[in-house]
Every structure is written in structure tokens, then in C-alpha cells.
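J.: So that you have it, the file is run-v2.txt, and it contains compact mmCIF, C-alpha atoms:
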# COMPACT_ATOMS: atom_id res chain seq x y z
CA MET A 17 -18.81 -5.44 13.73
CA MET A 18 -17.04 -8.72 13.01
CA VAL A 19 -14.88 -10.33 15.70
CA TYR A 20 -12.02 -12.57 14.64
CA VAL A 21 -10.99 -15.47 16.84
CA ALA A 22 -7.99 -17.70 16.25
CA ASN A 23 -9.06 -21.22 15.33
CA PRO A 24 -8.69 -23.50 18.42
CA LEU A 25 -8.59 -26.55 16.19
CA TYR A 26 -4.91 -25.64 15.73
CA ASP A 27 -2.81 -27.03 18.55
CA ALA A 28 -0.89 -23.83 19.31
CA VAL A 29 -4.11 -21.81 19.61
CA PHE A 30 -5.82 -24.51 21.68
CA LYS A 31 -2.85 -24.74 24.05
CA TYR A 32 -2.78 -20.95 24.41
CA LEU A 33 -6.51 -20.91 25.25
CA MET A 34 -6.29 -23.77 27.75
CA GLU A 35 -3.34 -22.15 29.53
CA ASP A 36 -5.73 -19.34 30.53
CA GLU A 37 -7.22 -20.59 33.81
CA ARG A 38 -10.54 -18.79 33.32
CA ILE A 39 -11.03 -20.26 29.84
CA ALA A 40 -9.91 -23.74 30.96
CA LYS A 41 -12.35 -23.63 33.91
CA THR A 42 -15.19 -22.49 31.63
CA ILE A 43 -14.62 -25.18 28.99
CA LEU A 44 -13.98 -27.98 31.50
CA SER A 45 -16.97 -26.99 33.68
CA ALA A 46 -19.24 -27.12 30.65
CA LEU A 47 -17.85 -30.48 29.51
CA LEU A 48 -17.94 -32.07 32.97
CA GLN A 49 -21.35 -30.57 33.83
CA LYS A 50 -19.81 -29.59 37.18
CA GLU A 51 -18.31 -26.41 38.50
CA VAL A 52 -14.53 -26.50 38.26
CA LEU A 53 -13.27 -24.59 41.28
CA GLU A 54 -9.56 -24.91 40.56
CA VAL A 55 -7.65 -26.24 37.58
CA LYS A 56 -3.97 -26.82 37.05
CA MET A 57 -2.39 -27.83 33.76
CA ARG A 58 -0.09 -30.72 34.55
CA ARG A 59 1.77 -31.42 31.34
CA ASN A 60 1.11 -31.31 27.66
CA GLU A 61 2.33 -33.34 24.79
CA TYR A 62 2.21 -33.01 21.05
CA SER A 63 2.53 -36.23 19.13
CA ASN A 64 3.08 -35.98 15.40
CA ILE A 65 4.00 -39.04 13.38
CA ASN A 66 4.40 -37.99 9.75
CA ARG A 67 4.80 -41.44 8.23
CA ASN A 68 1.30 -42.40 9.36
CA ALA A 69 -0.20 -38.89 9.09
CA ILE A 70 -1.26 -39.02 12.74
CA SER A 71 -1.33 -35.88 14.80
CA MET A 72 -2.53 -35.72 18.35
CA PHE A 73 -2.36 -33.10 21.08
CA ARG A 74 -2.68 -33.95 24.76
CA ILE A 75 -3.09 -31.85 27.89
CA ASP A 76 -3.45 -33.19 31.41
CA PHE A 77 -5.25 -31.27 34.15
CA ALA A 78 -5.77 -31.70 37.85
CA ALA A 79 -9.10 -30.10 38.75
CA LYS A 80 -11.01 -29.59 41.96
CA VAL A 81 -14.70 -29.92 41.11
CA LYS A 82 -17.85 -29.24 43.07
CA GLU A 83 -20.21 -32.20 43.19
CA LYS A 84 -24.03 -31.90 43.19
CA ASP A 85 -24.10 -32.48 46.96
CA GLY A 86 -21.71 -29.55 47.49
CA SER A 87 -18.67 -31.70 48.26
CA GLN A 88 -15.40 -31.09 46.47
CA LYS A 89 -13.30 -33.71 44.72
CA LEU A 90 -9.92 -33.71 43.02
CA ILE A 91 -9.96 -35.39 39.60
CA LEU A 92 -7.62 -35.85 36.68
CA ILE A 93 -8.67 -34.78 33.20
CA GLU A 94 -6.84 -36.37 30.30
CA LEU A 95 -7.70 -34.22 27.27
CA GLN A 96 -6.70 -35.55 23.86
CA LYS A 97 -7.37 -33.71 20.61
CA THR A 98 -6.90 -34.98 17.08
CA TRP A 99 -8.26 -33.77 13.77
CA LEU A 100 -7.49 -36.97 11.87
CA GLU A 101 -9.13 -40.35 12.31
CA THR A 102 -6.91 -42.59 14.38
CA GLU A 103 -7.15 -46.00 15.95
CA THR A 104 -8.30 -46.13 19.55
CA LEU A 105 -5.07 -47.85 20.54
CA ARG A 106 -3.26 -44.50 20.62
CA PHE A 107 -5.80 -43.13 23.10
CA ARG A 108 -5.65 -46.29 25.22
CA GLN A 109 -1.84 -46.32 25.28
CA TYR A 110 -1.76 -42.77 26.56
CA LEU A 111 -4.31 -43.55 29.27
CA ALA A 112 -2.29 -46.64 30.22
CA LEU A 113 0.73 -44.42 30.82
CA GLN A 114 -1.39 -42.20 33.04
CA TYR A 115 -2.72 -45.19 34.99
CA ASN A 116 0.91 -46.25 35.60
CA ASN A 117 2.04 -42.78 36.67
CA LYS A 118 2.56 -42.70 40.46
CA GLU A 119 1.90 -38.93 40.41
CA ASN A 120 -1.76 -39.77 39.69
CA MET A 121 -2.27 -41.59 42.99
CA ARG A 122 -4.22 -40.14 45.93
CA LYS A 123 -1.81 -38.70 48.50
CA GLU A 124 -4.18 -39.34 51.41
CA THR A 125 -4.16 -43.09 50.67
CA LYS A 126 -0.34 -43.22 50.45
CA GLY A 127 -0.47 -44.39 46.84
CA LYS A 128 -3.02 -47.15 47.42
CA TYR A 129 -5.71 -45.62 45.16
CA ALA A 130 -5.64 -43.48 42.04
CA LEU A 131 -7.38 -40.16 41.52
CA PRO A 132 -10.63 -40.41 39.53
CA THR A 133 -9.95 -39.79 35.84
CA VAL A 134 -12.07 -38.33 33.08
CA ALA A 135 -10.85 -38.75 29.50
CA VAL A 136 -11.94 -36.01 27.09
CA TYR A 137 -11.56 -36.60 23.36
CA LEU A 138 -11.90 -33.66 20.97
CA LEU A 139 -12.19 -35.29 17.57
CA GLY A 140 -12.04 -33.66 14.16
CA HIS A 141 -14.10 -36.57 12.82
CA ASN A 142 -17.31 -38.43 13.60
CA VAL A 143 -17.54 -41.65 15.58
CA GLY A 144 -19.80 -44.42 14.30
CA GLN A 145 -23.46 -43.52 13.89
CA PHE A 146 -23.65 -41.03 16.77
CA THR A 147 -25.47 -37.85 15.77
CA GLU A 148 -24.94 -35.84 18.96
CA PRO A 149 -21.85 -33.63 18.95
CA VAL A 150 -21.01 -34.52 22.57
CA ILE A 151 -21.48 -37.97 24.06
CA TYR A 152 -20.75 -39.20 27.59
CA ALA A 153 -19.60 -42.70 28.56
CA ARG A 154 -20.02 -42.98 32.32
CA HIS A 155 -19.34 -46.11 34.28
CA LYS A 156 -21.86 -47.40 36.78
CA ILE A 157 -21.77 -50.27 39.23
CA TYR A 158 -24.20 -53.20 38.94
CA ASP A 159 -24.94 -56.35 40.89
CA TYR A 160 -25.27 -59.82 39.37
CA GLU A 161 -28.96 -59.24 38.56
CA GLY A 162 -28.17 -56.10 36.59
CA ASN A 163 -29.46 -53.69 39.24
CA GLU A 164 -27.46 -50.51 39.66
CA VAL A 165 -25.69 -50.35 43.02
CA HIS A 166 -25.82 -46.91 44.64
CA GLN A 167 -23.42 -45.77 47.34
CA GLU A 168 -23.22 -42.56 49.35
CA GLU A 169 -19.49 -42.26 48.67
CA PRO A 170 -17.79 -43.47 45.49
CA ASP A 171 -15.46 -46.36 46.22
CA PRO A 172 -11.79 -45.40 45.64
CA PHE A 173 -10.90 -48.94 44.58
CA VAL A 174 -13.51 -48.95 41.79
CA GLU A 175 -12.68 -45.35 40.80
CA SER A 176 -9.01 -46.35 40.51
CA LEU A 177 -9.80 -49.00 37.90
CA GLN A 178 -12.25 -47.16 35.63
CA HIS A 179 -12.72 -43.78 34.06
CA ASP A 180 -15.51 -41.78 32.46
CA SER A 181 -15.16 -40.41 28.93
CA ILE A 182 -16.47 -37.39 27.08
CA ILE A 183 -16.29 -37.48 23.28
CA VAL A 184 -16.70 -34.27 21.29
CA GLN A 185 -17.28 -34.73 17.56
CA ILE A 186 -16.26 -31.33 16.24
CA PRO A 187 -17.84 -31.74 12.75
CA LEU A 188 -21.26 -32.23 14.39
CA LEU A 189 -21.05 -28.87 16.17
CA LYS A 190 -21.85 -27.21 12.83
CA GLY A 191 -24.42 -24.50 13.53
CA ARG A 192 -25.60 -26.11 16.80
CA VAL A 193 -26.08 -23.96 19.87
CA ASN A 194 -28.77 -25.75 21.87
CA ASN A 195 -27.20 -25.55 25.32
CA ARG A 196 -24.39 -23.93 27.32
CA LEU A 197 -21.83 -26.54 26.27
CA GLU A 198 -22.58 -26.20 22.55
CA LYS A 199 -22.38 -22.41 22.89
CA ILE A 200 -18.92 -22.68 24.46
CA LEU A 201 -17.76 -25.30 21.94
CA SER A 202 -19.03 -23.20 19.02
CA VAL A 203 -15.53 -21.70 18.80
CA PHE A 204 -14.54 -25.08 17.27
CA ASP A 205 -17.29 -24.89 14.64
CA GLN A 206 -15.35 -24.90 11.38
CA SER A 207 -18.39 -23.64 9.45
CA GLN A 208 -17.79 -20.28 11.16
CA ILE A 209 -14.33 -19.94 9.60
CA TYR A 210 -13.96 -16.99 7.22
Can you turn what I pasted into C-alpha cells?

T.:
Amino acid sequence: MMVYVANPLYDAVFKYLMEDERIAKTILSALLQKEVLEVKMRRNEYSNINRNAISMFRIDFAAKVKEKDGSQKLILIELQKTWLETETLRFRQYLALQYNNKENMRKETKGKYALPTVAVYLLGHNVGQFTEPVIYARHKIYDYEGNEVHQEEPDPFVESLQHDSIIVQIPLLKGRVNNRLEKILSVFDQSQIY
């Protein structure tokens, strides 16, 4: 028996999937490597500039995640998807708008600090010489000597100024199912298209 699934590389299909809370929680939990307890789609945007052949789809989420120590934390997830190679400036400009958005500030600090942000990039192309389909860029804090500084609680000031990134290179998913994340992302595997 063959099962047909609409191709989530297409923006309308991807948006439809991510509007389903169960699917959004499953995909985001796998990407974040944390349990997403609650997720709310904040806004979405489709940017299509024909003269430059650039097409980009964006969805913003607010998610309550469960940390390894059992605590819960509210984070923002800025998901951007493009199937064409584009300059990083477009991604940075969108994040800059989100950094400037007062809605993204922590209510309990009366707008003094921003919510932690994770940028997720679903790319229809490869980046540099990376051979892994999913790569993580996580910020850490170091002292002058280069030693990592560990704290019990993340500092809201530092979290307000930096963000972690997850980059998914969709072409490298081809035939790979080595872990839970790759299994979930296999719906993007274009080699499975019939």
C-alpha cells in the first residue's frame, strides 16, 4: 500500500502542516531536542520577489519548552524556509525586525529583556562544506582565557542579545534516517517524490 503525502517543501503545504499543533510540536521538539509543551503560531509571512527570483516563507512561534532539569521556559522560534539560495542579509534583516519588536520582550521584566530566540532555517540548498543535514549553532559564554562560563540560570541580558540557530539542509536529507529528527524530516526528502 502506497501512502501519498503532500510535499511540505511547498509553502502552502508547509503552512498547513505547521498550523496543526500536534505536528508543529513534533517537528519543533525534534529540532530543538527538547519537549515542546505548548506552541502558538504568532504570525507568518510569505516573501516573494520575482525580479530577484527570491522566495522565502516565515513562521514565528512562541513555545513553552521543558528543559533538561525539568524547568519550563518560554522561547521564540523564528522559522524561515527557502528553496533557493539567498544571501544571509535577508535572514538577518528579518531577525532584526524581531529583535526590535516589543511583543518579543519578557512581560515579567516589564520590557527590559527579550525572550530567548531560536532561528530555524529550512534550506532547499547546501551551506558551505557541511555534510550533516542538520547543524546547530549554539552560543556559549566564555571568560577572557577562553574558559566556558557556566551558570545555574541563563542570564536574561545575554539571552536578549544572542540567539541559537538550527540549519536544515534539505538536499542532504536524501535517504537518511539515522535518528528521530531525520525520521521526522524525511517528509522533506525530495528523493521520495513520485

J.: Work out how far apart atom CA of A:Lys199 and atom CA of A:Ile186 are and give it in Å to one decimal.

T.: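 Computing the Euclidean distance for atom CA of A:Lys199 and atom CA of A:Ile186 yields 12.7 Å.
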
J.: Residues near A:Leu95, anyone? I mean within 12 Å using all atoms listed in the file, not counting same-chain ones fewer than 6 positions away, as number ranges by chain.

T.: A: 30-31, 34, 40, 43-44, 47-48, 57-62, 72-78, 107, 110-111, 114, 133-139, 181-184

J.: Just write the chosen residues, C-alpha atoms, as a CSV table (one decimal), in the coordinates of the input.

T.:
chain,number,residue,atom,x,y,z
A,30,PHE,CA,-5.8,-24.5,21.7
A,31,LYS,CA,-2.8,-24.7,24.0
A,34,MET,CA,-6.3,-23.8,27.8
A,40,ALA,CA,-9.9,-23.7,31.0
A,43,ILE,CA,-14.6,-25.2,29.0
A,44,LEU,CA,-14.0,-28.0,31.5
A,47,LEU,CA,-17.8,-30.5,29.5
A,48,LEU,CA,-17.9,-32.1,33.0
A,57,MET,CA,-2.4,-27.8,33.8
A,58,ARG,CA,-0.1,-30.7,34.6
A,59,ARG,CA,1.8,-31.4,31.3
A,60,ASN,CA,1.1,-31.3,27.7
A,61,GLU,CA,2.3,-33.3,24.8
A,62,TYR,CA,2.2,-33.0,21.0
A,72,MET,CA,-2.5,-35.7,18.4
A,73,PHE,CA,-2.4,-33.1,21.1
A,74,ARG,CA,-2.7,-34.0,24.8
A,75,ILE,CA,-3.1,-31.8,27.9
A,76,ASP,CA,-3.4,-33.2,31.4
A,77,PHE,CA,-5.2,-31.3,34.2
A,78,ALA,CA,-5.8,-31.7,37.8
A,107,PHE,CA,-5.8,-43.1,23.1
A,110,TYR,CA,-1.8,-42.8,26.6
A,111,LEU,CA,-4.3,-43.6,29.3
A,114,GLN,CA,-1.4,-42.2,33.0
A,133,THR,CA,-10.0,-39.8,35.8
A,134,VAL,CA,-12.1,-38.3,33.1
A,135,ALA,CA,-10.8,-38.8,29.5
A,136,VAL,CA,-11.9,-36.0,27.1
A,137,TYR,CA,-11.6,-36.6,23.4
A,138,LEU,CA,-11.9,-33.7,21.0
A,139,LEU,CA,-12.2,-35.3,17.6
A,181,SER,CA,-15.2,-40.4,28.9
A,182,ILE,CA,-16.5,-37.4,27.1
A,183,ILE,CA,-16.3,-37.5,23.3
A,184,VAL,CA,-16.7,-34.3,21.3

J.: Could you please determine the separation between atom CA of A:Ile39 and atom CA of A:His179 in Å, to one decimal place?

T.: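 Computing the Euclidean distance for atom CA of A:Ile39 and atom CA of A:His179 yields 24.0 Å.
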
J.: Report, in Å with one decimal, the straight-line distance from atom CA of A:Gln88 to atom CA of A:Ser176.

T.: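 Going from atom CA of A:Gln88 over to atom CA of A:Ser176 covers 17.6 Å.
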
J.: Show which residues sit within 12 Å of A:Gln178, as a list of chain:residue names. Count all atoms listed in the file, and ignore same-chain residues fewer than 2 positions away.

T.: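 Counting only the stated atoms, we get A:Leu111, A:Ala112, A:Tyr115, A:Tyr129, A:Ala130, A:Leu131, A:Pro132, A:Thr133, A:Val134, A:Ala135, A:Ala153, A:Arg154, A:His155, A:Lys156, A:Ile157, A:Pro170, A:Asp171, A:Pro172, A:Phe173, A:Val174, A:Glu175, A:Ser176, A:Asp180, A:Ser181.
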
J.: Can you write just those residues out, C-alpha atoms, as a PDB file, keeping the file's coordinate frame?

T.:
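Saved as result.pdb:
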ATOM      1  CA  LEU A 111      -4.310 -43.550  29.270  1.00  0.00           C
ATOM      2  CA  ALA A 112      -2.290 -46.640  30.220  1.00  0.00           C
ATOM      3  CA  TYR A 115      -2.720 -45.190  34.990  1.00  0.00           C
ATOM      4  CA  TYR A 129      -5.710 -45.620  45.160  1.00  0.00           C
ATOM      5  CA  ALA A 130      -5.640 -43.480  42.040  1.00  0.00           C
ATOM      6  CA  LEU A 131      -7.380 -40.160  41.520  1.00  0.00           C
ATOM      7  CA  PRO A 132     -10.630 -40.410  39.530  1.00  0.00           C
ATOM      8  CA  THR A 133      -9.950 -39.790  35.840  1.00  0.00           C
ATOM      9  CA  VAL A 134     -12.070 -38.330  33.080  1.00  0.00           C
ATOM     10  CA  ALA A 135     -10.850 -38.750  29.500  1.00  0.00           C
ATOM     11  CA  ALA A 153     -19.600 -42.700  28.560  1.00  0.00           C
ATOM     12  CA  ARG A 154     -20.020 -42.980  32.320  1.00  0.00           C
ATOM     13  CA  HIS A 155     -19.340 -46.110  34.280  1.00  0.00           C
ATOM     14  CA  LYS A 156     -21.860 -47.400  36.780  1.00  0.00           C
ATOM     15  CA  ILE A 157     -21.770 -50.270  39.230  1.00  0.00           C
ATOM     16  CA  PRO A 170     -17.790 -43.470  45.490  1.00  0.00           C
ATOM     17  CA  ASP A 171     -15.460 -46.360  46.220  1.00  0.00           C
ATOM     18  CA  PRO A 172     -11.790 -45.400  45.640  1.00  0.00           C
ATOM     19  CA  PHE A 173     -10.900 -48.940  44.580  1.00  0.00           C
ATOM     20  CA  VAL A 174     -13.510 -48.950  41.790  1.00  0.00           C
ATOM     21  CA  GLU A 175     -12.680 -45.350  40.800  1.00  0.00           C
ATOM     22  CA  SER A 176      -9.010 -46.350  40.510  1.00  0.00           C
ATOM     23  CA  ASP A 180     -15.510 -41.780  32.460  1.00  0.00           C
ATOM     24  CA  SER A 181     -15.160 -40.410  28.930  1.00  0.00           C
TER      25      SER A 181
END
